[in-house]
file coords_19.cif (mmCIF, C-alpha atoms)
data_data
loop_
_atom_site.label_atom_id
_atom_site.label_comp_id
_atom_site.auth_asym_id
_atom_site.auth_seq_id
_atom_site.Cartn_x
_atom_site.Cartn_y
_atom_site.Cartn_z
CA MET A 1 55.06 45.66 82.00
CA GLU A 2 51.98 47.63 83.04
CA VAL A 3 50.90 50.54 80.84
CA ASN A 4 51.33 53.00 83.74
CA THR A 5 54.88 51.79 84.46
CA GLN A 6 55.73 51.84 80.78
CA THR A 7 54.58 55.47 80.53
CA ILE A 8 56.72 56.45 83.53
CA ILE A 9 59.80 54.75 82.02
CA GLN A 10 59.21 56.39 78.65
CA LYS A 11 58.77 59.82 80.27
CA ARG A 12 61.98 59.35 82.27
CA GLU A 13 63.98 58.41 79.17
CA ILE A 14 62.58 61.25 77.07
CA SER A 15 63.37 63.63 79.93
CA PHE A 16 66.98 62.30 79.90
CA ALA A 17 67.21 62.97 76.14
CA LYS A 18 65.71 66.46 76.53
CA LYS A 19 68.23 67.26 79.26
CA GLY A 20 70.99 66.19 76.85
CA ILE A 21 69.67 68.67 74.28
CA GLY A 22 69.52 71.35 76.99
CA TRP A 23 73.16 70.72 77.88
CA GLY A 24 74.08 70.96 74.16
CA LEU A 25 72.35 74.35 73.86
CA LEU A 26 73.99 75.61 77.06
CA ALA A 27 77.38 74.44 75.73
CA GLY A 28 76.93 76.53 72.57
CA ALA A 29 75.69 79.65 74.40
CA SER A 30 78.40 79.60 77.08
CA TRP A 31 81.14 78.91 74.50
CA GLY A 32 79.95 81.96 72.55
CA LEU A 33 80.24 84.09 75.71
CA ASP A 34 83.62 82.52 76.47
CA ALA A 35 84.92 83.38 72.98
CA VAL A 36 83.81 87.03 73.24
CA LEU A 37 85.36 87.46 76.71
CA MET A 38 88.59 85.76 75.61
CA GLY A 39 88.76 88.17 72.66
CA MET A 40 88.43 91.08 75.10
CA ALA A 41 91.09 89.63 77.44
CA LEU A 42 93.49 89.18 74.51
CA ALA A 43 93.29 92.92 73.87
CA LEU A 44 94.84 93.57 77.31
CA ALA A 45 98.50 93.56 78.38
CA PRO A 46 100.53 91.34 78.48
CA PHE A 47 98.71 89.58 75.59
CA THR A 48 99.33 92.59 73.35
CA ASN A 49 103.00 91.57 73.18
CA THR A 50 103.95 91.77 69.50
CA LEU A 51 107.11 89.63 69.66
CA SER A 52 105.18 86.57 68.53
CA LEU A 53 101.82 86.60 66.73
CA PHE A 54 100.51 83.32 68.06
CA ALA A 55 102.22 83.20 71.48
CA ALA A 56 99.51 85.28 73.18
CA PRO A 57 96.49 83.17 72.08
CA LEU A 58 98.32 79.95 72.92
CA VAL A 59 99.29 81.22 76.38
CA ALA A 60 95.75 82.50 76.98
CA SER A 61 94.32 79.15 75.88
CA CYS A 62 96.73 77.30 78.22
CA LEU A 63 95.75 79.50 81.18
CA HIS A 64 92.06 79.18 80.30
CA ASP A 65 92.23 75.37 80.32
CA GLY A 66 94.23 75.42 83.59
CA PHE A 67 91.55 77.49 85.30
CA SER A 68 88.72 75.44 83.75
CA GLY A 69 90.35 72.24 85.00
CA THR A 70 90.65 73.72 88.50
CA TRP A 71 87.00 74.86 88.58
CA LEU A 72 85.84 71.45 87.36
CA PHE A 73 87.92 69.73 90.04
CA ILE A 74 86.31 71.96 92.71
CA LYS A 75 82.88 71.09 91.27
CA ASN A 76 83.70 67.38 91.42
CA VAL A 77 84.97 67.70 95.02
CA ILE A 78 81.67 69.37 95.99
CA SER A 79 79.61 66.66 94.27
CA GLY A 80 81.70 63.94 95.96
CA LYS A 81 83.24 62.57 92.78
CA TRP A 82 86.90 63.53 93.25
CA ARG A 83 88.06 59.96 94.03
CA GLU A 84 86.89 58.98 90.54
CA TYR A 85 89.80 60.88 88.88
CA ALA A 86 92.47 58.39 90.04
CA ARG A 87 90.21 55.35 89.60
CA THR A 88 89.35 56.41 86.04
CA LEU A 89 92.93 57.16 84.98
CA LYS A 90 93.87 53.54 85.77
CA THR A 91 91.40 52.22 83.17
CA ARG A 92 91.69 52.01 79.38
CA PRO A 93 88.61 54.20 78.73
CA GLY A 94 90.22 56.74 81.09
CA LYS A 95 93.38 56.69 78.99
CA LEU A 96 91.23 57.18 75.87
CA ILE A 97 89.97 60.42 77.47
CA LEU A 98 93.63 61.53 77.72
CA VAL A 99 94.06 60.86 73.98
CA ALA A 100 90.82 62.77 73.22
CA ALA A 101 92.06 65.67 75.35
CA ILE A 102 95.30 65.91 73.37
CA MET A 103 93.38 65.71 70.07
CA GLY A 104 90.99 68.53 70.97
CA GLY A 105 93.10 70.75 73.21
CA PRO A 106 96.73 71.06 72.10
CA ILE A 107 96.35 69.56 68.59
CA GLY A 108 93.00 71.14 67.71
CA MET A 109 93.55 74.54 69.29
CA SER A 110 97.25 75.02 68.41
CA ASN A 111 96.83 73.98 64.78
CA SER A 112 93.82 76.25 64.42
CA MET A 113 95.88 79.22 65.71
CA LEU A 114 98.78 78.35 63.41
CA ALA A 115 96.40 77.88 60.46
CA ILE A 116 95.07 81.42 60.95
CA HIS A 117 98.67 82.66 61.02
CA PHE A 118 99.82 80.81 57.89
CA ALA A 119 96.69 80.84 55.69
CA GLY A 120 94.63 83.75 57.06
CA ALA A 121 91.44 83.70 59.13
CA ALA A 122 89.08 83.44 56.12
CA TYR A 123 90.28 80.04 54.96
CA ALA A 124 91.17 78.66 58.41
CA VAL A 125 87.71 79.46 59.84
CA ALA A 126 85.96 78.08 56.75
CA ILE A 127 87.74 74.73 57.12
CA THR A 128 87.57 74.36 60.91
CA ALA A 129 83.82 75.22 60.97
CA ALA A 130 83.26 71.81 59.35
CA TYR A 131 84.31 69.83 62.45
CA PRO A 132 80.74 68.83 63.42
CA ALA A 133 80.21 67.22 60.00
CA ILE A 134 83.44 65.19 60.33
CA GLY A 135 82.44 64.32 63.91
CA ALA A 136 78.98 63.18 62.75
CA ILE A 137 80.48 61.00 59.99
CA LEU A 138 82.97 59.43 62.42
CA GLY A 139 80.18 58.96 65.01
CA ALA A 140 78.00 57.18 62.46
CA ILE A 141 80.88 54.90 61.41
CA PHE A 142 82.57 54.09 64.72
CA LEU A 143 79.76 54.55 67.27
CA LYS A 144 76.92 53.47 64.94
CA GLU A 145 74.96 56.57 65.93
CA LYS A 146 71.55 56.83 64.34
CA ILE A 147 71.53 60.07 62.34
CA GLY A 148 68.51 60.73 60.14
CA LEU A 149 68.32 62.99 57.10
CA ARG A 150 66.76 65.79 59.16
CA VAL A 151 69.62 65.81 61.67
CA TRP A 152 72.20 65.72 58.85
CA SER A 153 70.46 68.72 57.22
CA GLY A 154 70.45 70.52 60.58
CA ILE A 155 74.16 69.94 61.18
CA LEU A 156 75.04 71.13 57.66
CA LEU A 157 72.84 74.24 57.98
CA ALA A 158 74.38 75.09 61.39
CA ILE A 159 77.88 74.68 59.90
CA LEU A 160 76.97 76.89 56.93
CA GLY A 161 75.51 79.49 59.32
CA SER A 162 78.58 79.49 61.59
CA PHE A 163 80.76 79.83 58.48
CA VAL A 164 78.72 82.85 57.31
CA VAL A 165 78.89 84.44 60.78
CA ALA A 166 82.61 83.84 61.33
CA TYR A 167 83.76 84.47 57.76
CA VAL A 168 86.31 87.25 57.34
CA PRO A 169 86.95 88.27 53.71
CA PRO A 170 90.53 87.55 52.57
CA SER A 171 92.61 90.57 53.51
CA GLY A 172 94.79 90.51 50.42
CA GLU A 173 97.88 89.81 52.50
CA SER A 174 100.29 87.35 50.95
CA HIS A 175 100.65 84.05 52.78
CA PRO A 176 103.93 82.41 51.70
CA HIS A 177 103.05 79.25 53.64
CA PHE A 178 99.39 79.18 52.55
CA TYR A 179 99.15 75.43 51.89
CA LEU A 180 100.86 74.64 55.19
CA GLY A 181 98.14 76.74 56.85
CA ILE A 182 95.40 74.84 55.01
CA GLY A 183 96.95 71.54 56.08
CA LEU A 184 97.07 72.68 59.72
CA ALA A 185 93.40 73.78 59.55
CA VAL A 186 92.49 70.30 58.30
CA ILE A 187 94.47 68.74 61.18
CA ALA A 188 92.65 71.00 63.69
CA THR A 189 89.27 70.02 62.23
CA ILE A 190 90.06 66.31 62.40
CA GLY A 191 91.49 66.80 65.92
CA TRP A 192 88.25 68.33 67.24
CA ALA A 193 86.09 65.72 65.49
CA LEU A 194 88.25 62.88 66.85
CA GLU A 195 88.09 64.36 70.34
CA GLY A 196 84.30 64.10 70.22
CA VAL A 197 84.20 60.54 68.97
CA ILE A 198 86.98 59.15 71.21
CA SER A 199 85.71 60.88 74.35
CA THR A 200 82.12 59.76 73.67
CA TYR A 201 83.34 56.17 73.26
CA GLY A 202 85.22 56.53 76.57
CA MET A 203 82.19 58.13 78.26
CA ASP A 204 80.08 55.04 77.62
CA LEU A 205 81.84 53.94 80.82
CA VAL A 206 83.52 57.06 82.23
CA ASP A 207 81.38 59.61 84.09
CA SER A 208 81.19 62.67 81.79
CA ASP A 209 81.97 65.10 84.66
CA ILE A 210 85.20 63.23 85.38
CA ALA A 211 86.02 62.92 81.67
CA ILE A 212 85.88 66.70 81.14
CA GLY A 213 87.85 67.28 84.36
CA ILE A 214 90.62 65.02 83.03
CA ARG A 215 90.36 66.64 79.59
CA GLU A 216 90.97 70.17 80.85
CA ILE A 217 93.88 69.24 83.14
CA THR A 218 95.52 67.20 80.34
CA SER A 219 95.03 70.00 77.84
CA PHE A 220 96.64 72.50 80.24
CA SER A 221 99.57 70.18 81.09
CA VAL A 222 100.38 69.33 77.45
CA SER A 223 100.07 72.98 76.40
CA PHE A 224 102.33 74.10 79.25
CA CYS A 225 104.99 71.40 78.87
CA VAL A 226 104.96 70.71 75.10
CA ILE A 227 103.29 73.48 73.07
CA LEU A 228 104.64 76.58 74.83
CA PRO A 229 108.31 75.44 74.60
CA PHE A 230 107.84 75.30 70.79
CA VAL A 231 106.76 78.94 70.81
CA GLY A 232 109.84 79.90 72.81
CA ALA A 233 110.74 81.93 75.88
CA VAL A 234 108.32 84.70 74.90
CA ALA A 235 105.41 82.40 75.72
CA TYR A 236 106.57 81.93 79.31
CA GLN A 237 107.35 85.65 79.58
CA ILE A 238 103.72 86.43 78.68
CA LEU A 239 102.42 83.67 80.95
CA PHE A 240 104.30 84.80 84.05
CA ALA A 241 103.70 88.49 83.28
CA SER A 242 99.95 87.82 83.25
CA PHE A 243 100.11 86.83 86.92
CA SER A 244 101.25 90.32 87.88
CA THR A 245 98.25 91.95 86.15
CA SER A 246 94.51 91.81 86.69
CA VAL A 247 94.09 89.93 83.39
CA VAL A 248 94.78 86.64 85.18
CA TRP A 249 91.62 87.18 87.25
CA TYR A 250 89.60 87.86 84.09
CA ILE A 251 90.85 84.58 82.63
CA ALA A 252 90.03 82.77 85.88
CA VAL A 253 86.41 83.93 85.52
CA ILE A 254 86.37 83.13 81.79
CA GLY A 255 87.80 79.70 82.71
CA LEU A 256 84.71 79.17 84.90
CA ILE A 257 82.42 79.96 81.94
CA GLY A 258 84.58 77.74 79.71
CA GLY A 259 84.42 74.97 82.31
CA ILE A 260 80.59 75.17 82.38
CA SER A 261 80.58 75.07 78.57
CA GLN A 262 82.91 72.08 78.31
CA LEU A 263 81.04 70.22 81.07
CA SER A 264 77.78 70.81 79.19
CA TRP A 265 79.34 69.71 75.89
CA TYR A 266 80.66 66.42 77.31
CA ARG A 267 77.33 65.72 79.05
CA ALA A 268 75.49 66.43 75.78
CA MET A 269 77.77 64.08 73.82
CA ASN A 270 77.15 61.33 76.36
CA MET A 271 73.39 61.90 76.50
CA THR A 272 72.50 62.71 72.86
CA GLY A 273 75.47 61.45 70.83
CA VAL A 274 78.39 63.16 69.10
CA ALA A 275 76.52 64.32 65.99
CA ARG A 276 73.73 66.22 67.76
CA ALA A 277 75.98 67.59 70.51
CA MET A 278 78.41 68.99 67.93
CA GLY A 279 75.53 70.36 65.84
CA LEU A 280 74.26 72.20 68.95
CA ASN A 281 77.73 73.27 70.09
CA VAL A 282 78.48 75.00 66.78
CA THR A 283 75.70 77.50 67.61
CA TYR A 284 78.42 79.26 69.63
CA ALA A 285 79.02 81.38 66.51
CA LEU A 286 75.50 82.77 66.85
CA TRP A 287 75.90 83.40 70.58
CA ALA A 288 79.29 85.03 69.99
CA VAL A 289 77.52 87.57 67.74
CA PHE A 290 74.87 88.21 70.40
CA PHE A 291 77.36 88.60 73.26
CA GLY A 292 79.72 90.58 71.00
CA TRP A 293 76.87 93.03 70.28
CA LEU A 294 75.95 93.15 73.99
CA LEU A 295 79.44 93.54 75.46
CA SER A 296 81.50 95.18 72.73
CA ASP A 297 81.04 97.47 69.75
CA LEU A 298 80.14 94.70 67.28
CA GLN A 299 77.85 95.99 64.53
CA ILE A 300 75.00 93.72 63.40
CA THR A 301 75.17 93.35 59.61
CA SER A 302 72.90 91.57 57.14
CA THR A 303 75.56 88.83 56.81
CA LEU A 304 75.44 88.18 60.56
CA ILE A 305 71.63 88.03 60.51
CA THR A 306 71.70 85.58 57.57
CA GLY A 307 74.18 83.39 59.45
CA ALA A 308 72.11 83.58 62.63
CA VAL A 309 68.93 82.51 60.79
CA LEU A 310 70.77 79.56 59.21
CA ILE A 311 72.12 78.47 62.62
CA CYS A 312 68.65 78.71 64.21
CA LEU A 313 67.08 76.61 61.45
CA GLY A 314 69.94 74.13 61.68
CA THR A 315 69.52 73.87 65.46
CA ILE A 316 65.78 73.22 65.21
CA LEU A 317 66.40 70.43 62.69
CA THR A 318 69.28 69.00 64.76
CA ILE A 319 67.18 68.81 67.93
CA GLY A 320 64.47 66.93 66.03
CA ASN A 321 62.19 64.74 68.08
CA PRO A 322 63.59 63.88 71.55
CA LYS A 323 61.55 60.62 71.47
CA GLN A 324 63.99 59.35 68.84
CA LEU A 325 66.90 60.01 71.22
CA VAL A 326 65.90 57.44 73.83
CA SER A 327 68.23 54.97 72.13
CA ILE A 328 71.14 56.87 70.55
CA ARG A 329 72.80 54.04 68.68
CA GLY A 330 71.91 51.27 66.27
CA LYS A 331 72.38 47.69 67.45
CA MET B 332 92.85 45.52 94.75
CA SER B 333 92.01 49.06 93.68
CA LYS B 334 88.39 50.01 93.25
CA LEU B 335 86.79 50.43 89.85
CA PRO B 336 85.17 53.75 88.94
CA ILE B 337 81.53 53.52 90.10
CA LYS B 338 79.94 53.54 86.63
CA PHE B 339 82.27 50.68 85.56
CA ARG B 340 81.24 48.73 88.67
CA VAL B 341 77.54 49.26 87.82
CA LEU B 342 78.06 47.60 84.43
CA GLN B 343 80.09 44.82 86.04
CA LEU B 344 77.28 44.12 88.54
CA VAL B 345 74.71 43.92 85.72
CA ASN B 346 77.03 41.48 83.92
CA GLN B 347 77.52 39.36 87.05
CA LYS B 348 73.83 38.94 87.83
CA LYS B 349 71.19 38.90 85.12
CA GLY B 350 68.04 40.58 86.38
CA ILE B 351 69.74 42.67 89.06
CA THR B 352 67.61 45.65 90.07
CA ASN B 353 68.52 49.30 90.56
CA GLU B 354 67.85 48.95 94.29
CA GLU B 355 70.13 45.90 94.63
CA ILE B 356 72.88 47.75 92.75
CA LEU B 357 72.54 50.74 95.07
CA GLU B 358 72.72 48.57 98.20
CA ILE B 359 75.88 46.78 96.98
CA LEU B 360 77.55 50.07 96.02
CA LYS B 361 76.75 51.62 99.42
CA ILE B 362 78.74 48.82 101.06
CA GLU B 363 81.61 48.90 98.55
CA TYR B 364 81.95 52.70 98.31
CA PRO B 365 80.98 53.90 101.81
CA ARG B 366 82.77 57.24 101.49
CA ASP B 367 81.50 58.20 98.02
CA ARG B 368 78.60 60.64 98.17
CA VAL B 369 77.85 59.96 94.50
CA VAL B 370 76.45 56.57 95.55
CA ASN B 371 72.84 57.71 95.94
CA TYR B 372 69.56 56.83 94.23
CA LYS B 373 69.58 59.77 91.80
CA ASP B 374 73.18 59.41 90.57
CA ILE B 375 73.01 55.63 90.18
CA GLU B 376 69.75 56.00 88.22
CA TYR B 377 71.55 58.51 85.99
CA TYR B 378 74.36 56.00 85.36
CA LEU B 379 71.84 53.25 84.56
CA ILE B 380 69.88 55.41 82.08
CA SER B 381 73.16 56.53 80.50
CA LEU B 382 74.36 52.91 80.12
CA LYS B 383 70.97 51.97 78.67
CA SER B 384 70.82 54.87 76.19
CA VAL B 385 74.15 53.90 74.61
CA GLY B 386 73.05 50.26 74.44
CA LEU B 387 75.37 48.67 77.04
CA ILE B 388 72.49 47.31 79.14
CA ASP B 389 68.84 46.44 78.51
CA SER B 390 65.84 46.60 80.79
CA ILE B 391 64.15 43.26 81.61
CA SER B 392 61.24 44.32 83.80
CA VAL B 393 59.93 47.30 85.71
CA THR B 394 57.58 47.47 88.67
CA LEU B 395 56.19 50.37 90.60
CA THR B 396 56.28 50.03 94.39
CA ASP B 397 53.59 51.25 96.76
CA HIS B 398 55.79 54.29 97.44
CA ASN B 399 55.74 55.18 93.71
CA LYS B 400 59.37 54.10 93.32
CA LEU B 401 60.49 52.32 90.14
CA VAL B 402 62.26 49.00 90.55
CA GLU B 403 63.88 48.10 87.25
CA SER B 404 65.87 44.96 86.49
CA TYR B 405 68.62 44.81 83.90
CA LYS B 406 70.72 42.49 81.78
CA ILE B 407 73.87 43.20 79.84
CA SER B 408 73.63 43.54 76.04
CA ASP B 409 75.99 42.00 73.46
CA TYR B 410 77.61 45.42 73.05
CA GLY B 411 78.00 45.66 76.83
CA MET B 412 79.60 42.20 76.91
CA ASN B 413 82.09 43.41 74.33
CA ARG B 414 82.97 46.41 76.52
CA MET B 415 83.52 44.20 79.57
CA LYS B 416 87.08 43.67 78.29
CA TYR B 417 87.86 47.18 79.56
CA ILE B 418 86.66 46.24 83.02
CA ASN B 419 87.94 42.70 83.42
CA ASN B 420 91.45 43.66 82.26
CA ASN B 421 91.84 46.39 84.87
#
call {"tool": "encode", "arguments": {"input": "coords_19.cif", "output": "structure tokens"}}
result
Amino acid sequence: MEVNTQTIIQKREISFAKKGIGWGLLAGASWGLDAVLMGMALALAPFTNTLSLFAAPLVASCLHDGFSGTWLFIKNVISGKWREYARTLKTRPGKLILVAAIMGGPIGMSNSMLAIHFAGAAYAVAITAAYPAIGAILGAIFLKEKIGLRVWSGILLAILGSFVVAYVPPSGESHPHFYLGIGLAVIATIGWALEGVISTYGMDLVDSDIAIGIREITSFSVSFCVILPFVGAVAYQILFASFSTSVVWYIAVIGLIGGISQLSWYRAMNMTGVARAMGLNVTYALWAVFFGWLLSDLQITSTLITGAVLICLGTILTIGNPKQLVSIRGK
Amino acid sequence: MSKLPIKFRVLQLVNQKKGITNEEILEILKIEYPRDRVVNYKDIEYYLISLKSVGLIDSISVTLTDHNKLVESYKISDYGMNRMKYINNN
């Protein structure tokens, strides 16, 4: 191979790795914005219904995924990939994407909501913030991803930072089902980590844009047909009531931002590996503070600044040297 | 027989012919998937780099044409061979 050709190839592969990092950063930033906007939407009727504490977030999450799935389908129609949905679903890697979708969407999200209800936000958030570390461990074991000490330190710092940012001191309320809540938080954490590893394994062959399209539609369908019936009739009351208010349009727009975020996250996992993509995605906690300050009345405290600094340091260490990302996995 | 997803077919083509180039792959796919706009130089290159970065295929040789276009030939790796079970069983 000539030196000139070799240089061009190397540049092209480093550029691919850098793009993967870019997608990971975009995933974190847009997820932070998504979280802030969802919080604002949940303060509007009909999500203020007090008949069930966790019905409103579950309904909002179901609607959000439905809209995200629709936007992603439109994007894939425009880019000429829509025929790939049916072709992919007939394959085993395509079916693995369905499993990953159920792990991350209904299992991850629903158990996280229930964990907050049963054990309180302080403990639930502390446990679920660890999902990138579990994802990195599973990625190293099952996908043989090469993760150096620097990247490990970065992931752990980013997790610590997101924990500091999201931490809510225990309110002193009694939680009669506290240990059930802790167990559900652990299940949510494992669900999100497994989603990353299983979908990345599937995306070795499945186009990441199709994988996330399938993920969002599956998440919506399972939430609508399986999770909401568990909550009861109140969930469907809230869901259908939302269509007669302007809140449904807000969620449609938030679904677009969520769709961009999820698309970026899946592309990052495919291009840079699970460990780094999750380490970058967890920066959403930092972005949520920024957008919360920009769009709502969030006050910046010294705790938030400490968390933000930890996340930034963690992100810099996680990104590392893109030259090392040309080959993600060990042989 | 139903068509494979395009990225699956790319790996299958590399498995079927050791040393196949990106340009040969693109020409075959244009015939097999005439209505798919995703079958273009840029998207197929993206699939090939993606397959290479996760270790499913390896590069054998690369040449630069007079028009400054890269022509790269590929072979399947052991890991890629292992993943062929997901393609051959479809």
call {"tool": "interface_residues", "arguments": {"input": "coords_19.cif", "of": "chain B", "to": "chain A", "cutoff": "9 Å", "atoms": "only C-alpha atoms", "output": "VMD selection string"}}
result
chain B and resid 333 to 339 342 366 to 369 377 to 378 380 to 387 392 to 395 401 410 414 417 to 418 420 to 421
call {"tool": "residues_near_point", "arguments": {"input": "coords_19.cif", "point": "(94.9, 73.2, 58.7)", "cutoff": "12 Å", "atoms": "all atoms listed in the file", "output": "ChimeraX atom specification"}}
result
/A:107-121,123-131,177-192
call {"tool": "atom_distance", "arguments": {"input": "coords_19.cif", "atom1": "CA of Asn346 (chain B)", "atom2": "CA of Ile407 (chain B)"}}
result
5.4 Å
call {"tool": "atom_distance", "arguments": {"input": "coords_19.cif", "atom1": "CA of Gly105 (chain A)", "atom2": "CA of Pro176 (chain A)"}}
result
26.8 Å
call {"tool": "residues_near_point", "arguments": {"input": "coords_19.cif", "point": "(68.1, 43.2, 90.1)", "cutoff": "9 Å", "atoms": "all atoms listed in the file", "output": "tab-separated table (two decimals) with C-alpha atoms, keeping the file's coordinate frame"}}
result
chain	number	residue	atom	x	y	z
B	345	VAL	CA	74.71	43.92	85.72
B	348	LYS	CA	73.83	38.94	87.83
B	349	LYS	CA	71.19	38.90	85.12
B	350	GLY	CA	68.04	40.58	86.38
B	351	ILE	CA	69.74	42.67	89.06
B	352	THR	CA	67.61	45.65	90.07
B	353	ASN	CA	68.52	49.30	90.56
B	354	GLU	CA	67.85	48.95	94.29
B	355	GLU	CA	70.13	45.90	94.63
B	356	ILE	CA	72.88	47.75	92.75
B	402	VAL	CA	62.26	49.00	90.55
B	403	GLU	CA	63.88	48.10	87.25
B	404	SER	CA	65.87	44.96	86.49
B	405	TYR	CA	68.62	44.81	83.90
B	406	LYS	CA	70.72	42.49	81.78
call {"tool": "resolve_selection", "arguments": {"input": "coords_19.cif", "expression": "the PyMOL selection byres ((chain A and resi 53) around 12)", "output": "list in words"}}
result
Leu42, Phe47, Thr48, Asn49, Thr50, Leu51, Ser52, Phe54, Ala55, Ala56, Pro57, Leu58, Val59, Met113, Leu114, Ile116, His117, Phe118, Val231, Val234 and Ala235 of chain A
call {"tool": "resolve_selection", "arguments": {"input": "coords_19.cif", "expression": "the PyMOL selection byres ((chain A and resi 282) around 8)", "output": "MDAnalysis selection string"}}
result
chainID A and resid 28 129 132 158:159 162 278:281 283:285
call {"tool": "decode", "arguments": {"input": "coords_19.cif", "residues": "region 227-247 of chain A", "atoms": "N, CA and C atoms", "output": "short mmCIF file (atom, residue, chain, number, x, y, z; two decimals), in the first residue's frame"}}
result
data_model
loop_
_atom_site.label_atom_id
_atom_site.label_comp_id
_atom_site.auth_asym_id
_atom_site.auth_seq_id
_atom_site.Cartn_x
_atom_site.Cartn_y
_atom_site.Cartn_z
N ILE A 227 -47.81 -2.18 29.06
CA ILE A 227 -47.53 -1.42 30.29
C ILE A 227 -48.76 -0.61 30.74
N LEU A 228 -49.37 0.12 29.82
CA LEU A 228 -50.51 0.96 30.21
C LEU A 228 -51.69 0.16 30.80
N PRO A 229 -52.01 -1.04 30.27
CA PRO A 229 -53.09 -1.81 30.89
C PRO A 229 -52.81 -2.14 32.36
N PHE A 230 -51.52 -2.29 32.73
CA PHE A 230 -51.16 -2.56 34.14
C PHE A 230 -51.52 -1.36 35.02
N VAL A 231 -51.34 -0.17 34.45
CA VAL A 231 -51.61 1.05 35.22
C VAL A 231 -53.12 1.22 35.42
N GLY A 232 -53.89 0.78 34.42
CA GLY A 232 -55.34 0.85 34.54
C GLY A 232 -55.97 1.85 33.59
N ALA A 233 -57.28 1.99 33.72
CA ALA A 233 -58.05 2.82 32.78
C ALA A 233 -57.59 4.28 32.82
N VAL A 234 -57.08 4.72 33.98
CA VAL A 234 -56.67 6.12 34.10
C VAL A 234 -55.58 6.47 33.07
N ALA A 235 -54.74 5.49 32.76
CA ALA A 235 -53.67 5.74 31.78
C ALA A 235 -54.26 6.08 30.42
N TYR A 236 -55.25 5.32 29.99
CA TYR A 236 -55.87 5.58 28.68
C TYR A 236 -56.70 6.87 28.71
N GLN A 237 -57.26 7.17 29.90
CA GLN A 237 -58.01 8.43 30.03
C GLN A 237 -57.07 9.61 29.77
N ILE A 238 -55.88 9.55 30.41
CA ILE A 238 -54.90 10.63 30.23
C ILE A 238 -54.44 10.68 28.77
N LEU A 239 -54.15 9.49 28.23
CA LEU A 239 -53.65 9.41 26.85
C LEU A 239 -54.63 10.06 25.86
N PHE A 240 -55.90 9.65 25.93
CA PHE A 240 -56.87 10.17 24.97
C PHE A 240 -57.20 11.64 25.25
N ALA A 241 -57.18 12.01 26.54
CA ALA A 241 -57.43 13.42 26.88
C ALA A 241 -56.35 14.32 26.31
N SER A 242 -55.12 13.81 26.23
CA SER A 242 -54.01 14.64 25.73
C SER A 242 -54.22 15.05 24.27
N PHE A 243 -54.98 14.23 23.53
CA PHE A 243 -55.20 14.54 22.12
C PHE A 243 -56.19 15.70 21.92
N SER A 244 -56.91 16.04 22.99
CA SER A 244 -57.84 17.18 22.85
C SER A 244 -57.22 18.46 23.42
N THR A 245 -55.93 18.39 23.78
CA THR A 245 -55.24 19.60 24.27
C THR A 245 -54.00 19.86 23.40
N SER A 246 -53.43 21.04 23.63
CA SER A 246 -52.25 21.39 22.81
C SER A 246 -51.00 20.62 23.27
N VAL A 247 -51.08 19.95 24.42
CA VAL A 247 -49.91 19.26 24.96
C VAL A 247 -49.41 18.17 24.00
#
